[in-house]
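To keep things clear, I will list the structure first and then write my remarks on it.
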Protein chains: 2
Amino acid sequence: MRIAELSRRTGVSVPTIKYYLREGLLPAGELTSPNQARYDDGHVQRLRLVRVLLDIGRLPIAAIRQLLAALDQSDPDVHQVLGRALPSAAGGKDSIDPEAARTARVRIDKLVGERGWLVGRDAPARQAAAEVIAAFEQLGADVGVLLEQYADVAETVAGHDLDFVGRARDAEGMLYAAMVGSILGDSLLAALRRLAQEHESAKKFGIRGDDF
Amino acid sequence: MRIAELSRRTGVSVPTIKYYLREGLLPAGELTSPNQARYDDGHVQRLRLVRVLLDIGRLPIAAIRQLLAALDQSDPDVHQVLGRALPSAAGGKDSIDPEAARTARVRIDKLVGERGWLVGRDAPARQAAAEVIAAFEQLGADVGVLLEQYADVAETVAGHDLDFVGRARDAEGMLYAAMVGSILGDSLLAALRRLAQEHESAKKFGIRGDDF
DNA sequence: GCTATTGGTAAGCTAAACTATCCATAACAA
DNA sequence: TTGTTATGGATAGTTTAGCTTACCAATAGC
């Protein structure tokens, strides 16, 4: 197919597709002549993946490029992708007192150690978790109880996630599932959490509205 | 205190504080003369909240303004905030086939109904969840099993969340806890999930590196 | 009295993610 | 064949969010 059909099939405008090609988010089509290229279903799928990572995962273009590079490696390493390549939802900017972050980091390292989690010392998620904990405390909240409860939950979820990954056909499919499941899983879990929160809140406080 | 000290105590630059004042994220200080105002600890706390919602929650300024308006209401309604005011993590843009989203919406409504969740018909989280499910399917993943597992987990987490809210002293504190816990909870859960995923992956695939 | 700071406003800046415009060439319809 | 439309590739422009800079008259504090 040519670029117009690729655009029609994905709902992405032609200029945007050209932009993604330039940015290396989409491999170039097969050139049949100096200004004619052919695209295939792989391009359609890749383009849909990019849009989902952008719109739902809210990943920046640069992060998506890195993820896709991992997908295209000849030797796909699911473990590396799960542990390192995936950016966690928390944004990178600081706004947090560095000393509070250091204290929280010790706390997270302790939690990981106590639970026997096999996680690299330099795994970015350690720092991400520490920053969120520091933020809680900067706002005057006590995360003590919540942290352990969430860690329990995280173990459960991660178990389900690895089952999900394991259901893929081959190594490449597992890598794809790890990526999609991790990024979209965050959003799915957040949305279901909101629904369950509203339910728990309705139970606890009594229902105000009656539009169920 | 005056604006310079407010800046020093929060690490937010003076021009940025002025910008937040203009945007209505921070109430004006008490004017002592036409060009002198006094700020207090409430401003410090509010400013820290804004930064956390921006940097970790990644909420846009407009959403933060709305949230803060809910905080400042004379009659704080925790249930409304939990159910409606809080934006879920998923971004607003579409990129998803509207028909697939409609099918997924039916699926979510069915799940909510079967579980007896007391959730408004028009709760935005329903749509958010539906869009994520549609995204999964657009990428060729089968969310069937995962969805039910995540719903179980969401119930557990929401229970913890409401306990967290219930630990606050008064109604205003509960509203604050609901807001902070919801937004930061998403990020904390995501970071812990990454850690647990790396652990589960290490167990499943065998450990590649040895830097623990 | 004198310098630094303040509150307030308007204009400017930066980065990210597109979008528009060109151009020479190629495909397609008449 | 011939006019019209589409294509790949490149460069420049646009939009939005979140700040920064610059400026001003008025005040603080020595």
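By order in the structure tokens, chains are A, B, ...; within a chain, residues start at 1; ligands start at 1, following the order shown.
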- Task: Would you list, as a PyMOL selection string, the residues of stretch 24-200 of chain A that end up in strand (DSSP E or B) under DSSP run on this structure's backbone?
- Result: chain A and resi 30-33+36-38
For chain B against chain C, with a cut-off of 12 Å and counting only C-alpha atoms (C1' of nucleotides), what is the closest atom pair and its distance in Å to one decimal for every residue that makes the cut, ordered by chain and number, as a Markdown table?
| residue | atom | partner | partner_atom | distance |
| --- | --- | --- | --- | --- |
| B:Met1 | CA | C:DT6 | C1' | 12.0 |
| B:Arg2 | CA | C:DT6 | C1' | 8.3 |
| B:Ile3 | CA | C:DT6 | C1' | 8.0 |
| B:Ala4 | CA | C:DT5 | C1' | 8.7 |
| B:Glu5 | CA | C:DT5 | C1' | 11.7 |
| B:Val14 | CA | C:DT6 | C1' | 10.8 |
| B:Pro15 | CA | C:DG7 | C1' | 11.3 |
| B:Ile17 | CA | C:DG7 | C1' | 11.6 |
| B:Lys18 | CA | C:DG7 | C1' | 8.8 |
| B:Tyr19 | CA | C:DG8 | C1' | 10.8 |
| B:Leu21 | CA | C:DG8 | C1' | 10.6 |
| B:Arg22 | CA | C:DG8 | C1' | 9.5 |
| B:Ala28 | CA | C:DG7 | C1' | 10.3 |
| B:Gly29 | CA | C:DG7 | C1' | 10.0 |
| B:Glu30 | CA | C:DG7 | C1' | 11.4 |
| B:Leu31 | CA | C:DG7 | C1' | 9.3 |
| B:Thr32 | CA | C:DG7 | C1' | 11.0 |
| B:Ser33 | CA | C:DG7 | C1' | 9.7 |
| B:Pro34 | CA | C:DG7 | C1' | 7.6 |
| B:Asn35 | CA | C:DG7 | C1' | 4.6 |
| B:Gln36 | CA | C:DT6 | C1' | 6.0 |
| B:Ala37 | CA | C:DG7 | C1' | 7.5 |
| B:Arg38 | CA | C:DT6 | C1' | 10.7 |
- Record the distance separating atom CA of B:Val165 and atom CA of A:Ala128, expressed in Å with one decimal. 23.2 Å
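What chain D places within 12 Å of chain A, counting only C-alpha atoms (C1' of nucleotides), is DA6, DT7, DG8, DG9 and DA10 of chain D.
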- Message: Please return, as a PyMOL selection string, all residues of stretch 53-181 of chain B that DSSP assigns to helix (DSSP H, G or I) on the basis of the backbone.
- Response: chain B and resi 53-55+61-71+78-85+98-114+124-138+144-166+171-181
Written file, previous selection with C-alpha atoms, as a PDB file, in the first residue's frame:
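Okay, selection.pdb is ready:
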ATOM      1  CA  LEU B  53       0.433  17.371  41.025  1.00  0.00           C
ATOM      2  CA  LEU B  54       2.370  18.875  38.114  1.00  0.00           C
ATOM      3  CA  ASP B  55       5.622  16.931  38.331  1.00  0.00           C
ATOM      4  CA  ILE B  61      -2.592  23.429  35.004  1.00  0.00           C
ATOM      5  CA  ALA B  62      -6.290  23.585  34.133  1.00  0.00           C
ATOM      6  CA  ALA B  63      -7.008  20.244  35.834  1.00  0.00           C
ATOM      7  CA  ILE B  64      -5.095  21.310  38.911  1.00  0.00           C
ATOM      8  CA  ARG B  65      -7.111  24.505  39.115  1.00  0.00           C
ATOM      9  CA  GLN B  66     -10.319  22.487  39.106  1.00  0.00           C
ATOM     10  CA  LEU B  67      -9.063  20.093  41.759  1.00  0.00           C
ATOM     11  CA  LEU B  68      -7.993  22.928  44.012  1.00  0.00           C
ATOM     12  CA  ALA B  69     -11.356  24.600  43.548  1.00  0.00           C
ATOM     13  CA  ALA B  70     -12.952  21.414  44.871  1.00  0.00           C
ATOM     14  CA  LEU B  71     -10.586  21.535  47.857  1.00  0.00           C
ATOM     15  CA  VAL B  78     -15.094  13.363  49.163  1.00  0.00           C
ATOM     16  CA  HIS B  79     -17.282  11.062  47.132  1.00  0.00           C
ATOM     17  CA  GLN B  80     -17.694  13.555  44.313  1.00  0.00           C
ATOM     18  CA  VAL B  81     -13.970  14.189  44.176  1.00  0.00           C
ATOM     19  CA  LEU B  82     -13.104  10.517  44.131  1.00  0.00           C
ATOM     20  CA  GLY B  83     -15.695   9.752  41.509  1.00  0.00           C
ATOM     21  CA  ARG B  84     -15.653  12.721  39.188  1.00  0.00           C
ATOM     22  CA  ALA B  85     -13.157  15.462  39.774  1.00  0.00           C
ATOM     23  CA  PRO B  98     -14.808   4.816  18.064  1.00  0.00           C
ATOM     24  CA  GLU B  99     -16.647   1.587  17.385  1.00  0.00           C
ATOM     25  CA  ALA B 100     -14.069  -0.492  19.231  1.00  0.00           C
ATOM     26  CA  ALA B 101     -14.353   1.959  22.095  1.00  0.00           C
ATOM     27  CA  ARG B 102     -18.121   1.515  22.152  1.00  0.00           C
ATOM     28  CA  THR B 103     -17.801  -2.269  22.289  1.00  0.00           C
ATOM     29  CA  ALA B 104     -15.255  -1.964  25.073  1.00  0.00           C
ATOM     30  CA  ARG B 105     -17.552   0.407  26.903  1.00  0.00           C
ATOM     31  CA  VAL B 106     -20.283  -2.217  26.937  1.00  0.00           C
ATOM     32  CA  ARG B 107     -17.780  -4.657  28.325  1.00  0.00           C
ATOM     33  CA  ILE B 108     -16.762  -2.336  31.152  1.00  0.00           C
ATOM     34  CA  ASP B 109     -20.365  -1.541  31.977  1.00  0.00           C
ATOM     35  CA  LYS B 110     -21.021  -5.268  32.196  1.00  0.00           C
ATOM     36  CA  LEU B 111     -18.050  -5.769  34.507  1.00  0.00           C
ATOM     37  CA  VAL B 112     -19.171  -2.932  36.758  1.00  0.00           C
ATOM     38  CA  GLY B 113     -22.678  -4.341  36.837  1.00  0.00           C
ATOM     39  CA  GLU B 114     -21.618  -7.924  37.581  1.00  0.00           C
ATOM     40  CA  PRO B 124     -15.351   9.357  33.315  1.00  0.00           C
ATOM     41  CA  ALA B 125     -13.322   6.368  34.469  1.00  0.00           C
ATOM     42  CA  ARG B 126     -15.727   4.093  32.592  1.00  0.00           C
ATOM     43  CA  GLN B 127     -14.795   5.714  29.338  1.00  0.00           C
ATOM     44  CA  ALA B 128     -11.124   5.777  30.274  1.00  0.00           C
ATOM     45  CA  ALA B 129     -11.136   2.051  31.012  1.00  0.00           C
ATOM     46  CA  ALA B 130     -13.037   1.325  27.809  1.00  0.00           C
ATOM     47  CA  GLU B 131     -10.470   3.204  25.759  1.00  0.00           C
ATOM     48  CA  VAL B 132      -7.599   1.281  27.271  1.00  0.00           C
ATOM     49  CA  ILE B 133      -9.356  -2.026  26.615  1.00  0.00           C
ATOM     50  CA  ALA B 134      -9.998  -0.983  23.024  1.00  0.00           C
ATOM     51  CA  ALA B 135      -6.326  -0.064  22.708  1.00  0.00           C
ATOM     52  CA  PHE B 136      -5.260  -3.492  23.944  1.00  0.00           C
ATOM     53  CA  GLU B 137      -7.472  -5.136  21.361  1.00  0.00           C
ATOM     54  CA  GLN B 138      -6.401  -2.818  18.577  1.00  0.00           C
ATOM     55  CA  GLY B 144     -10.064 -11.105  28.869  1.00  0.00           C
ATOM     56  CA  VAL B 145      -8.164 -12.730  31.722  1.00  0.00           C
ATOM     57  CA  LEU B 146      -6.175  -9.649  32.648  1.00  0.00           C
ATOM     58  CA  LEU B 147      -9.282  -7.508  32.960  1.00  0.00           C
ATOM     59  CA  GLU B 148     -10.887  -9.656  35.642  1.00  0.00           C
ATOM     60  CA  GLN B 149      -7.608 -10.026  37.497  1.00  0.00           C
ATOM     61  CA  TYR B 150      -7.037  -6.285  37.433  1.00  0.00           C
ATOM     62  CA  ALA B 151     -10.594  -5.644  38.605  1.00  0.00           C
ATOM     63  CA  ASP B 152      -9.936  -7.857  41.636  1.00  0.00           C
ATOM     64  CA  VAL B 153      -6.758  -5.940  42.328  1.00  0.00           C
ATOM     65  CA  ALA B 154      -8.534  -2.621  41.883  1.00  0.00           C
ATOM     66  CA  GLU B 155     -11.041  -3.592  44.562  1.00  0.00           C
ATOM     67  CA  THR B 156      -8.240  -4.392  46.966  1.00  0.00           C
ATOM     68  CA  VAL B 157      -6.363  -1.182  46.251  1.00  0.00           C
ATOM     69  CA  ALA B 158      -9.479   0.948  46.516  1.00  0.00           C
ATOM     70  CA  GLY B 159     -10.156  -0.595  49.912  1.00  0.00           C
ATOM     71  CA  HIS B 160      -6.686   0.437  51.054  1.00  0.00           C
ATOM     72  CA  ASP B 161      -7.232   3.869  49.559  1.00  0.00           C
ATOM     73  CA  LEU B 162     -10.444   4.452  51.460  1.00  0.00           C
ATOM     74  CA  ASP B 163      -8.718   3.329  54.659  1.00  0.00           C
ATOM     75  CA  PHE B 164      -6.041   5.883  53.906  1.00  0.00           C
ATOM     76  CA  VAL B 165      -8.670   8.561  53.415  1.00  0.00           C
ATOM     77  CA  GLY B 166     -10.456   7.506  56.591  1.00  0.00           C
ATOM     78  CA  ALA B 171     -13.637  16.221  56.281  1.00  0.00           C
ATOM     79  CA  GLU B 172     -11.188  18.638  54.708  1.00  0.00           C
ATOM     80  CA  GLY B 173      -8.278  16.346  55.503  1.00  0.00           C
ATOM     81  CA  MET B 174     -10.137  13.460  53.943  1.00  0.00           C
ATOM     82  CA  LEU B 175     -10.679  15.406  50.765  1.00  0.00           C
ATOM     83  CA  TYR B 176      -6.994  16.269  50.686  1.00  0.00           C
ATOM     84  CA  ALA B 177      -6.044  12.640  51.332  1.00  0.00           C
ATOM     85  CA  ALA B 178      -8.387  11.431  48.602  1.00  0.00           C
ATOM     86  CA  MET B 179      -6.801  13.776  46.114  1.00  0.00           C
ATOM     87  CA  VAL B 180      -3.198  13.170  47.073  1.00  0.00           C
ATOM     88  CA  GLY B 181      -3.715   9.440  47.525  1.00  0.00           C
TER      89      GLY B 181
END
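Of the residues listed (A:Val143, A:Val119, A:Val50, A:Leu59), A:Val119 shows the shortest atom-to-atom separation from chain B; distances use only C-alpha atoms.
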- Query: Quick one: distance from atom CA of B:Val12 to atom CA of B:Ala190 in Å, one decimal?
  - Reply: 26.8 Å
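With distances taken over only C-alpha atoms, B:Gly120 is the one residue among B:Gly120, B:Pro76, B:Gly206, B:Pro27 lying closest to chain A.
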- Task: Take atom CA of A:Arg48 and atom CA of A:Gly11 and report the distance between them in Å, one decimal.
- Result: 9.1 Å
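Comparing the minimum interatomic distances between A:Leu86 and each of A:Ser187, A:Ser182, A:Ser201, A:Gln73, counting only C-alpha atoms, we find that A:Ser182 sits nearest.
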- Message: For B:Asp186, find every residue with an atom within 10 Å (counting only C-alpha atoms (C1' of nucleotides)), except residues of its own chain fewer than 5 positions away, and show them as a count of residues only.
- Response: 17
